[in-house]
>>> print(open('work-v4.txt').read())   # compact mmCIF, C-alpha atoms and all ligand atoms
# COMPACT_ATOMS: atom_id res chain seq x y z
CA MET A 1284 94.78 121.00 154.65
CA SER A 1285 94.03 121.45 150.93
CA ALA A 1286 90.39 121.87 149.81
CA PRO A 1287 88.53 118.73 148.61
CA THR A 1288 88.86 118.32 144.84
CA SER A 1289 85.06 118.65 144.50
CA GLU A 1290 85.52 122.38 145.24
CA ILE A 1291 88.07 122.85 142.44
CA THR A 1292 86.65 124.16 139.15
CA ILE A 1293 87.82 122.49 135.95
CA LEU A 1294 86.75 124.09 132.70
CA VAL A 1295 86.04 122.00 129.60
CA PRO A 1296 85.85 124.22 126.52
CA GLY A 1297 84.38 122.49 123.44
CA GLY A 1298 84.17 118.75 122.90
CA LEU A 1299 86.02 116.18 124.99
CA HIS A 1300 85.91 112.37 125.12
CA PRO A 1301 82.84 111.43 127.24
CA HIS A 1302 84.87 109.21 129.56
CA ALA A 1303 87.19 112.12 130.38
CA VAL A 1304 84.17 114.37 131.02
CA GLU A 1305 82.65 111.74 133.30
CA ARG A 1306 85.86 111.19 135.28
CA VAL A 1307 86.51 114.92 135.68
CA GLY A 1308 82.89 115.44 136.75
CA GLU A 1309 83.18 112.73 139.41
CA ARG A 1310 86.15 114.42 141.13
CA PHE A 1311 85.86 118.14 140.38
CA ARG A 1312 83.35 120.92 139.83
CA LEU A 1313 82.99 120.65 136.06
CA VAL A 1314 82.02 123.67 133.97
CA ARG A 1315 81.52 123.40 130.21
CA ILE A 1316 81.60 126.20 127.62
CA ASP A 1317 81.25 125.98 123.83
CA ARG A 1318 84.86 126.79 122.96
CA ALA A 1319 88.08 128.21 124.40
CA ASP A 1320 87.09 131.82 123.84
CA PRO A 1321 87.88 134.59 126.38
CA ALA A 1322 84.51 136.20 125.48
CA LEU A 1323 82.80 133.23 127.18
CA ILE A 1324 84.61 133.77 130.50
CA ASP A 1325 82.82 136.08 132.95
CA ALA A 1326 84.42 137.51 136.10
CA ALA A 1327 82.99 134.82 138.39
CA LEU A 1328 84.34 132.00 136.21
CA ALA A 1329 87.71 133.73 135.80
CA ALA A 1330 88.02 133.90 139.58
CA GLU A 1331 87.54 130.18 140.12
CA VAL A 1332 88.91 128.09 137.22
CA ARG A 1333 92.08 126.26 138.30
CA GLY A 1334 92.29 123.64 135.59
CA ALA A 1335 91.15 122.97 132.03
CA ALA A 1336 90.63 119.68 130.18
CA VAL A 1337 90.82 120.20 126.41
CA SER A 1338 90.78 118.52 123.06
CA SER A 1339 90.66 121.65 120.91
CA PRO A 1340 92.80 124.81 120.45
CA VAL A 1341 93.89 126.84 123.48
CA ASN A 1342 95.62 130.13 122.71
CA ALA A 1343 97.44 132.70 124.85
CA ALA A 1344 94.38 135.00 125.17
CA PHE A 1345 92.32 132.17 126.65
CA VAL A 1346 95.06 131.28 129.15
CA ASP A 1347 95.35 134.96 130.12
CA ALA A 1348 91.60 135.14 130.71
CA LEU A 1349 92.00 132.58 133.52
CA PRO A 1350 94.30 134.11 136.18
CA LYS A 1351 93.96 131.16 138.59
CA LEU A 1352 94.72 128.54 135.93
CA GLU A 1353 97.33 125.97 137.05
CA ILE A 1354 97.03 123.15 134.53
CA VAL A 1355 95.79 122.44 130.99
CA ALA A 1356 95.23 118.70 130.57
CA SER A 1357 95.13 118.01 126.84
CA PHE A 1358 93.68 114.91 125.13
CA GLY A 1359 96.19 113.43 122.65
CA VAL A 1360 99.98 113.16 122.60
CA GLY A 1361 100.35 115.93 120.01
CA TYR A 1362 99.72 119.28 121.67
CA ASP A 1363 100.37 121.70 118.82
CA HIS A 1364 96.83 123.08 119.42
CA VAL A 1365 97.88 124.36 122.87
CA ASP A 1366 100.17 127.39 123.26
CA ALA A 1367 102.54 125.53 125.60
CA ALA A 1368 105.24 128.22 125.37
CA HIS A 1369 102.80 130.82 126.69
CA CYS A 1370 101.55 128.43 129.38
CA ALA A 1371 105.18 127.95 130.48
CA LYS A 1372 105.62 131.75 130.75
CA ARG A 1373 102.45 131.96 132.82
CA GLY A 1374 103.56 129.08 135.08
CA VAL A 1375 100.73 126.85 133.83
CA VAL A 1376 101.49 123.14 133.40
CA VAL A 1377 100.37 121.47 130.15
CA THR A 1378 99.90 117.70 130.09
CA ASN A 1379 99.36 115.32 127.16
CA THR A 1380 98.61 111.59 126.77
CA PRO A 1381 101.82 109.84 125.60
CA ASP A 1382 102.58 106.09 125.69
CA VAL A 1383 99.00 104.81 126.05
CA LEU A 1384 98.44 105.28 122.29
CA THR A 1385 101.92 104.43 120.97
CA GLU A 1386 101.33 100.84 119.82
CA GLU A 1387 97.85 101.62 118.40
CA VAL A 1388 99.18 104.43 116.21
CA ALA A 1389 102.11 102.27 115.08
CA ASP A 1390 99.62 99.53 114.08
CA THR A 1391 97.70 102.10 112.03
CA ALA A 1392 100.88 103.30 110.35
CA LEU A 1393 101.74 99.79 109.20
CA GLY A 1394 98.16 99.19 108.01
CA LEU A 1395 98.28 102.41 106.01
CA LEU A 1396 101.68 101.51 104.56
CA ILE A 1397 100.50 98.09 103.37
CA ASN A 1398 97.22 99.51 102.02
CA THR A 1399 99.16 102.13 100.09
CA VAL A 1400 101.83 99.86 98.65
CA ARG A 1401 99.61 96.83 97.93
CA GLU A 1402 96.43 98.81 97.09
CA LEU A 1403 94.28 96.62 99.36
CA PRO A 1404 91.33 99.09 99.61
CA LYS A 1405 91.20 99.26 95.80
CA ALA A 1406 91.46 95.47 95.52
CA GLU A 1407 88.54 95.08 97.93
CA ALA A 1408 86.50 97.61 95.93
CA TRP A 1409 87.28 95.53 92.81
CA LEU A 1410 85.73 92.46 94.48
CA ARG A 1411 82.73 94.36 95.90
CA ASP A 1412 82.05 95.98 92.52
CA GLY A 1413 81.75 92.51 90.94
CA LYS A 1414 84.88 93.01 88.81
CA TRP A 1415 86.65 89.87 90.02
CA ALA A 1416 83.87 87.70 88.60
CA GLY A 1417 83.18 90.06 85.68
CA GLU A 1418 86.64 91.17 84.52
CA GLY A 1419 89.11 88.83 86.21
CA ASN A 1420 91.88 89.23 88.74
CA TYR A 1421 92.79 92.59 90.27
CA PRO A 1422 95.89 93.86 88.42
CA LEU A 1423 99.27 93.02 89.97
CA THR A 1424 100.49 95.99 91.98
CA ALA A 1425 103.41 97.99 90.65
CA ALA A 1426 104.77 98.45 94.17
CA THR A 1427 105.83 95.95 96.81
CA LEU A 1428 107.24 96.16 100.31
CA ARG A 1429 109.90 93.65 99.28
CA GLY A 1430 113.28 95.32 98.88
CA ARG A 1431 112.13 98.64 100.33
CA SER A 1432 114.18 100.80 102.65
CA VAL A 1433 112.26 102.84 105.22
CA GLY A 1434 113.10 106.25 106.68
CA ILE A 1435 111.20 107.48 109.73
CA PHE A 1436 110.83 111.22 110.30
CA GLY A 1437 110.36 111.48 114.09
CA MET A 1438 112.05 108.56 115.90
CA GLY A 1439 110.22 109.19 119.19
CA ARG A 1440 107.86 106.86 121.06
CA ILE A 1441 105.63 106.09 118.06
CA GLY A 1442 108.53 106.23 115.57
CA GLN A 1443 110.33 103.50 117.54
CA ALA A 1444 107.17 101.36 117.70
CA ILE A 1445 106.84 101.70 113.91
CA ALA A 1446 110.53 100.85 113.48
CA ARG A 1447 110.13 97.62 115.48
CA ARG A 1448 107.29 96.57 113.19
CA ILE A 1449 109.25 97.47 110.05
CA GLU A 1450 112.20 95.40 111.34
CA ALA A 1451 109.84 92.43 111.72
CA PHE A 1452 108.92 92.90 108.05
CA GLY A 1453 112.62 92.41 107.23
CA LEU A 1454 113.24 95.95 105.97
CA PRO A 1455 116.13 98.29 106.88
CA VAL A 1456 115.23 101.36 108.96
CA SER A 1457 116.80 104.79 109.14
CA TYR A 1458 115.54 107.96 110.81
CA HIS A 1459 115.75 111.71 111.07
CA ASN A 1460 115.36 113.69 114.31
CA ARG A 1461 117.09 116.87 115.44
CA ARG A 1462 119.10 114.68 117.80
CA LYS A 1463 120.46 111.14 117.43
CA VAL A 1464 118.64 108.68 119.70
CA GLU A 1465 121.03 106.70 121.89
CA GLY A 1466 120.52 102.95 122.01
CA VAL A 1467 118.52 102.44 118.80
CA PRO A 1468 120.10 100.27 116.11
CA TYR A 1469 118.91 102.35 113.13
CA THR A 1470 120.88 104.60 110.77
CA TYR A 1471 120.69 108.28 111.74
CA HIS A 1472 120.49 111.08 109.18
CA ALA A 1473 121.09 114.62 110.40
CA SER A 1474 119.04 116.00 107.50
CA LEU A 1475 115.58 115.00 106.28
CA LYS A 1476 116.63 115.52 102.65
CA GLU A 1477 119.67 113.28 103.05
CA MET A 1478 117.44 110.57 104.52
CA ALA A 1479 114.79 110.95 101.80
CA ALA A 1480 117.50 110.46 99.16
CA ALA A 1481 118.77 107.32 100.93
CA VAL A 1482 115.37 105.54 101.21
CA ASP A 1483 112.31 104.88 99.03
CA THR A 1484 109.70 104.85 101.81
CA LEU A 1485 109.27 107.85 104.10
CA ILE A 1486 107.05 107.56 107.18
CA SER A 1487 106.39 110.82 109.00
CA VAL A 1488 105.38 110.70 112.64
CA ALA A 1489 106.83 114.06 113.57
CA PRO A 1490 104.86 116.53 115.72
CA GLY A 1491 103.24 119.66 114.33
CA GLY A 1492 104.45 123.18 115.16
CA THR A 1493 106.76 125.78 113.68
CA SER A 1494 109.90 123.60 113.62
CA THR A 1495 108.28 121.01 111.31
CA GLU A 1496 105.94 123.31 109.30
CA LYS A 1497 105.89 122.09 105.65
CA ALA A 1498 109.13 120.15 106.27
CA VAL A 1499 108.03 117.58 103.68
CA ASN A 1500 108.18 119.80 100.59
CA SER A 1501 108.93 119.43 96.87
CA ASP A 1502 112.67 118.97 97.54
CA ILE A 1503 112.08 116.10 99.96
CA LEU A 1504 109.59 114.41 97.61
CA ALA A 1505 111.99 114.76 94.66
CA ALA A 1506 114.75 113.21 96.80
CA LEU A 1507 112.44 110.28 97.65
CA GLY A 1508 112.12 109.54 93.93
CA PRO A 1509 109.76 107.80 91.49
CA ASP A 1510 109.45 104.56 93.53
CA GLY A 1511 108.86 106.68 96.60
CA VAL A 1512 106.02 106.05 99.03
CA PHE A 1513 105.16 108.70 101.60
CA ILE A 1514 103.13 107.85 104.72
CA ASN A 1515 101.98 110.50 107.19
CA VAL A 1516 100.57 109.67 110.62
CA GLY A 1517 102.16 112.69 112.35
CA ARG A 1518 100.54 116.04 111.55
CA GLY A 1519 99.24 117.48 108.27
CA SER A 1520 101.05 120.77 108.95
CA THR A 1521 104.40 119.03 108.37
CA VAL A 1522 103.56 118.62 104.66
CA ASP A 1523 103.37 121.11 101.81
CA GLU A 1524 100.09 119.61 100.52
CA PRO A 1525 100.05 121.33 97.08
CA ALA A 1526 103.63 120.07 96.54
CA LEU A 1527 102.50 116.56 97.52
CA VAL A 1528 99.57 116.69 95.08
CA LYS A 1529 101.95 117.74 92.30
CA ALA A 1530 104.47 115.00 93.19
CA LEU A 1531 101.72 112.35 93.15
CA SER A 1532 100.27 113.67 89.87
CA ASP A 1533 103.48 113.96 87.86
CA GLY A 1534 105.22 110.76 89.00
CA THR A 1535 107.79 112.45 91.23
CA ILE A 1536 106.75 109.80 93.81
CA HIS A 1537 104.74 106.60 93.38
CA ALA A 1538 102.06 106.85 96.11
CA ALA A 1539 101.11 108.26 99.51
CA GLY A 1540 99.08 107.19 102.52
CA LEU A 1541 97.74 109.96 104.75
CA ASP A 1542 95.96 109.86 108.12
CA VAL A 1543 96.44 113.56 108.84
CA PHE A 1544 95.83 116.75 106.86
CA ALA A 1545 96.68 120.44 107.04
CA ASP A 1546 93.09 121.64 107.56
CA GLU A 1547 91.14 118.77 109.14
CA PRO A 1548 88.46 117.64 108.57
CA ARG A 1549 88.70 119.32 105.18
CA VAL A 1550 90.68 117.23 102.66
CA PRO A 1551 91.66 119.02 99.43
CA ASP A 1552 89.65 117.95 96.35
CA ALA A 1553 92.96 117.58 94.50
CA LEU A 1554 93.98 114.79 96.91
CA LEU A 1555 90.56 113.13 96.77
CA ALA A 1556 90.81 113.00 92.99
CA LEU A 1557 94.13 111.14 92.90
CA PRO A 1558 94.16 107.33 92.40
CA ASN A 1559 97.56 106.81 94.06
CA VAL A 1560 96.80 108.11 97.54
CA CYS A 1561 95.22 106.19 100.40
CA LEU A 1562 93.26 108.47 102.74
CA LEU A 1563 92.17 107.91 106.35
CA PRO A 1564 90.17 110.34 108.56
CA HIS A 1565 92.77 110.74 111.38
CA VAL A 1566 92.11 107.33 112.95
CA GLY A 1567 95.63 106.59 114.24
CA SER A 1568 94.51 106.12 117.85
CA ALA A 1569 90.81 105.68 117.13
CA THR A 1570 89.79 102.54 119.01
CA ILE A 1571 87.46 102.41 122.02
CA HIS A 1572 90.30 100.81 124.04
CA THR A 1573 92.96 103.43 123.33
CA ARG A 1574 90.73 106.51 123.40
CA GLN A 1575 89.48 105.37 126.84
CA ALA A 1576 93.09 105.09 128.05
CA MET A 1577 93.80 108.59 126.69
CA ALA A 1578 90.70 109.94 128.46
CA ASP A 1579 91.84 108.31 131.71
CA ARG A 1580 95.23 109.97 131.34
CA VAL A 1581 93.58 113.40 130.99
CA ALA A 1582 91.65 112.85 134.24
CA ASP A 1583 94.60 111.21 136.03
CA ASN A 1584 96.83 114.20 135.27
CA LEU A 1585 94.28 116.54 136.88
CA VAL A 1586 93.74 114.29 139.90
CA SER A 1587 97.49 113.86 140.40
CA TRP A 1588 98.08 117.60 140.13
CA PHE A 1589 95.41 118.59 142.63
CA THR A 1590 96.04 115.76 145.11
CA GLU A 1591 99.80 115.05 144.88
CA GLY A 1592 101.10 118.29 143.36
CA THR A 1593 102.66 116.42 140.41
CA ALA A 1594 101.58 115.85 136.84
CA ILE A 1595 101.95 112.37 135.30
CA SER A 1596 102.83 113.52 131.80
CA PRO A 1597 103.75 117.21 131.56
CA VAL A 1598 104.95 118.32 128.11
CA PRO A 1599 108.67 119.23 127.89
CA GLU A 1600 108.02 123.00 127.78
CA THR A 1601 106.35 122.88 131.20
CA ALA A 1602 108.15 119.93 132.84
CA GLU A 1603 110.25 122.30 134.94
CA ILE A 1604 107.13 124.04 136.32
CA ALA A 1605 105.67 120.66 137.23
CA ARG A 1606 108.90 119.79 139.10
CA ARG A 1607 109.13 123.16 140.92
CA ARG A 1608 105.72 122.97 142.55
P1 LIG B 1 107.66 111.98 120.65
O1 LIG B 1 108.02 110.76 121.43
O2 LIG B 1 107.83 113.32 121.27
O3 LIG B 1 108.46 111.92 119.29
C1 LIG B 1 108.57 113.00 118.42
C2 LIG B 1 109.88 112.84 117.65
O4 LIG B 1 109.93 113.84 116.64
C3 LIG B 1 111.09 113.00 118.54
O5 LIG B 1 111.96 111.93 118.34
C4 LIG B 1 111.71 114.32 118.10
O6 LIG B 1 113.13 114.25 118.18
C5 LIG B 1 111.24 114.43 116.65
N1 LIG B 1 111.13 115.82 116.24
C6 LIG B 1 110.46 116.82 116.85
N2 LIG B 1 110.62 117.98 116.21
C7 LIG B 1 111.44 117.71 115.17
C8 LIG B 1 112.01 118.51 114.14
N3 LIG B 1 111.77 119.83 114.05
N4 LIG B 1 112.83 117.91 113.23
C9 LIG B 1 113.08 116.58 113.32
N5 LIG B 1 112.58 115.78 114.27
C10 LIG B 1 111.77 116.33 115.19
O7 LIG B 1 106.14 111.91 120.22
P2 LIG B 1 105.25 110.61 119.85
O8 LIG B 1 104.56 110.15 121.06
O9 LIG B 1 106.09 109.65 119.07
O10 LIG B 1 104.17 111.32 118.88
C11 LIG B 1 104.61 111.93 117.69
C12 LIG B 1 103.50 112.65 116.98
O11 LIG B 1 102.60 111.73 116.38
C13 LIG B 1 102.58 113.52 117.85
O12 LIG B 1 103.17 114.75 118.18
C14 LIG B 1 101.35 113.68 116.96
O13 LIG B 1 101.50 114.80 116.13
C15 LIG B 1 101.38 112.41 116.10
N6 LIG B 1 100.25 111.51 116.44
C16 LIG B 1 99.31 111.24 115.48
C17 LIG B 1 98.28 110.37 115.76
C18 LIG B 1 97.24 110.03 114.74
O14 LIG B 1 96.13 109.70 115.12
N7 LIG B 1 97.57 110.07 113.46
C19 LIG B 1 98.18 109.80 117.04
C20 LIG B 1 99.14 110.09 117.98
C21 LIG B 1 100.19 110.94 117.66
P3 LIG B 1 114.06 115.57 118.40
O15 LIG B 1 113.39 116.34 119.50
O16 LIG B 1 115.40 115.01 118.71
O17 LIG B 1 114.04 116.29 117.10
C1 LIG B 2 93.97 112.01 118.47
C2 LIG B 2 96.42 112.43 117.91
O1 LIG B 2 93.13 111.63 117.45
O2 LIG B 2 97.29 111.96 120.04
C3 LIG B 2 97.38 112.63 119.02
O3 LIG B 2 98.26 113.50 118.85
O4 LIG B 2 96.56 112.97 116.87
C4 LIG B 2 95.30 111.47 118.07
O5 LIG B 2 95.59 110.45 118.97
C5 LIG B 2 93.77 113.44 118.68
O6 LIG B 2 94.67 114.02 119.52
C6 LIG B 2 92.37 113.64 119.22
O7 LIG B 2 92.06 114.94 119.31
>>> encode(input="work-v4.txt", output="structure tokens")
Amino acid sequence: MSAPTSEITILVPGGLHPHAVERVGERFRLVRIDRADPALIDAALAAEVRGAAVSSPVNAAFVDALPKLEIVASFGVGYDHVDAAHCAKRGVVVTNTPDVLTEEVADTALGLLINTVRELPKAEAWLRDGKWAGEGNYPLTAATLRGRSVGIFGMGRIGQAIARRIEAFGLPVSYHNRRKVEGVPYTYHASLKEMAAAVDTLISVAPGGTSTEKAVNSDILAALGPDGVFINVGRGSTVDEPALVKALSDGTIHAAGLDVFADEPRVPDALLALPNVCLLPHVGSATIHTRQAMADRVADNLVSWFTEGTAISPVPETAEIARRR
């Protein structure tokens, strides 16, 4: 018979949502360290850790410092902070938290799009600053959603939830992925540049990682054009930020709305200084409701792995390992 889960050691390096910490602590022997650093692993810990629950970077050296490691349960659907390819080589399953945040992030994307196009945060500041009474109406916005055509970079779970909302706004949707998605009614573009040239509103919800690194560059922004609006709720690493600053400054595109940045939580001064960019501090999934569901998924993946031998949501790189067990 397998050992009770209370004898299984789960390591939590760095910060993690308190509900995930609580749930892991209820079922397992929980050990916390400041960060995922091999220097913080002594021989006794190395000999006993079988799982990790993480919300911050996990590299190959850290995985190699834990020879008994079976599973890394990561908080968030994006897992570009975990070296999943190395975990796969080592036979370690990586799990993420898809689906439970999809609709929340899509809501945020639409809020950011409307705020960017219709300048609602600036209009509210106008009222709060007493300008409505003092100077008159807030100026009519140069941009509108009416007549726009939207291209989605990353037609996955969240991309499709965004597309459904855009459809309800009465706007045509197209998308770019590496592969065409069967069964969706939207126009597919095999190249991001071709799509950017065909639309005036580009919403990126693509994952981070080498295949998307700086994919949104000066060429893509030039193709989007002077009425162009760029929204990013995917990852900051997918954007060449200096090129975006230049495009916003010289009129190559009209405006941008960003929830994610290349070097969070640092936001470049050049972006902060621009009037035509709407900035959010990575709040796509940031409600008590959704973060709790994500925390539950972290714990549920660990419980399922150590009681049933299956993970609920293994990432594609390690799905085969999860099946083989
Ligand atoms: P998903 O279902 O895996 O969708 C990702 C989509 O991106 C897939 O359709 C994939 O299609 C496409 N893609 C991946 N690599 C690509 C590439 N190199 N070129 C073109 N398309 C590519 O993931 P999801 O659940 O929708 O989440 C998407 C991302 O949103 C996450 O990875 C995360 O970075 C971000 N996110 C942000 C927040 C926030 O708070 N702002 C919250 C949650 C998620 P192909 O494989 O066919 O290319
Ligand atoms: C979280 C996210 O804010 O799920 C993701 O990929 O970007 C967000 O939901 C983030 O993962 C928390 O660390």
>>> residues_around(input="work-v4.txt", residues="Ser1532 of chain A", least_positions_apart="5", cutoff="12 Å", atoms="all atoms listed in the file", output="VMD selection string")
chain A and resid 1509 1525 to 1527 1537 to 1539 1553 to 1560
>>> atom_distance(input="work-v4.txt", atom1="atom CA of Pro1455 of chain A", atom2="atom CA of Arg1440 of chain A")
18.5 Å
>>> closest_residue(input="work-v4.txt", among="A:Asp1502, A:Arg1401, A:Asp1390, A:Val1522", to="Thr1535 of chain A", atoms="all atoms listed in the file")
A:Asp1502
>>> closest_atom_pairs(input="work-v4.txt", of="chain A", to="ligand LIG 1 (chain B)", cutoff="8 Å", atoms="only C-alpha atoms and all ligand atoms", output="CSV")
residue,atom,partner,partner_atom,distance
A:Gly1359,CA,B:LIG1,C20,6.5
A:Val1360,CA,B:LIG1,C21,5.4
A:Gly1361,CA,B:LIG1,O12,3.6
A:Tyr1362,CA,B:LIG1,O12,6.7
A:Asp1363,CA,B:LIG1,O13,7.5
A:Pro1381,CA,B:LIG1,O8,5.3
A:Asp1382,CA,B:LIG1,O8,6.5
A:Leu1384,CA,B:LIG1,C20,6.5
A:Thr1385,CA,B:LIG1,O8,6.3
A:Val1388,CA,B:LIG1,C19,5.5
A:Phe1436,CA,B:LIG1,N5,6.3
A:Gly1437,CA,B:LIG1,O4,3.5
A:Met1438,CA,B:LIG1,O5,4.2
A:Gly1439,CA,B:LIG1,O3,3.2
A:Arg1440,CA,B:LIG1,O9,3.9
A:Ile1441,CA,B:LIG1,O9,3.7
A:Gly1442,CA,B:LIG1,O9,5.5
A:Gln1443,CA,B:LIG1,O9,7.6
A:His1459,CA,B:LIG1,C9,6.0
A:Asn1460,CA,B:LIG1,N5,3.5
A:Arg1461,CA,B:LIG1,O17,3.5
A:Arg1462,CA,B:LIG1,O16,3.8
A:Lys1463,CA,B:LIG1,O16,6.5
A:Val1464,CA,B:LIG1,O16,7.2
A:Leu1475,CA,B:LIG1,C9,7.6
A:Val1488,CA,B:LIG1,O11,4.8
A:Ala1489,CA,B:LIG1,O4,4.4
A:Pro1490,CA,B:LIG1,O12,3.5
A:Gly1491,CA,B:LIG1,O13,5.5
A:Thr1493,CA,B:LIG1,N3,7.8
A:Ser1494,CA,B:LIG1,N3,4.2
A:Thr1495,CA,B:LIG1,N3,4.6
A:Asn1515,CA,B:LIG1,N7,7.7
A:Val1516,CA,B:LIG1,N7,4.2
A:Gly1517,CA,B:LIG1,C15,3.8
A:Arg1518,CA,B:LIG1,O13,4.8
A:Asp1542,CA,B:LIG1,N7,5.6
A:Val1543,CA,B:LIG1,N7,5.9
A:His1565,CA,B:LIG1,O14,5.1
A:Val1566,CA,B:LIG1,O14,5.1
A:Gly1567,CA,B:LIG1,O14,3.3
A:Ser1568,CA,B:LIG1,O14,4.8
A:Ala1569,CA,B:LIG1,O14,7.0
>>> closest_residue(input="work-v4.txt", among="A:Asp1552, A:Glu1305, A:Asp1523, A:Glu1547", to="ligand LIG 2 (chain B)", atoms="all atoms listed in the file")
A:Glu1547
>>> closest_residue(input="work-v4.txt", among="A:Val1499, A:Ile1293, A:Val1365, A:Ala1348", to="ligand LIG 2 (chain B)", atoms="only C-alpha atoms and all ligand atoms")
A:Val1365
>>> residues_around(input="work-v4.txt", residues="Ile1291 of chain A", least_positions_apart="6", cutoff="7 Å", atoms="all atoms listed in the file", output="NGL selection string")
:A and (1311-1312 or 1333)
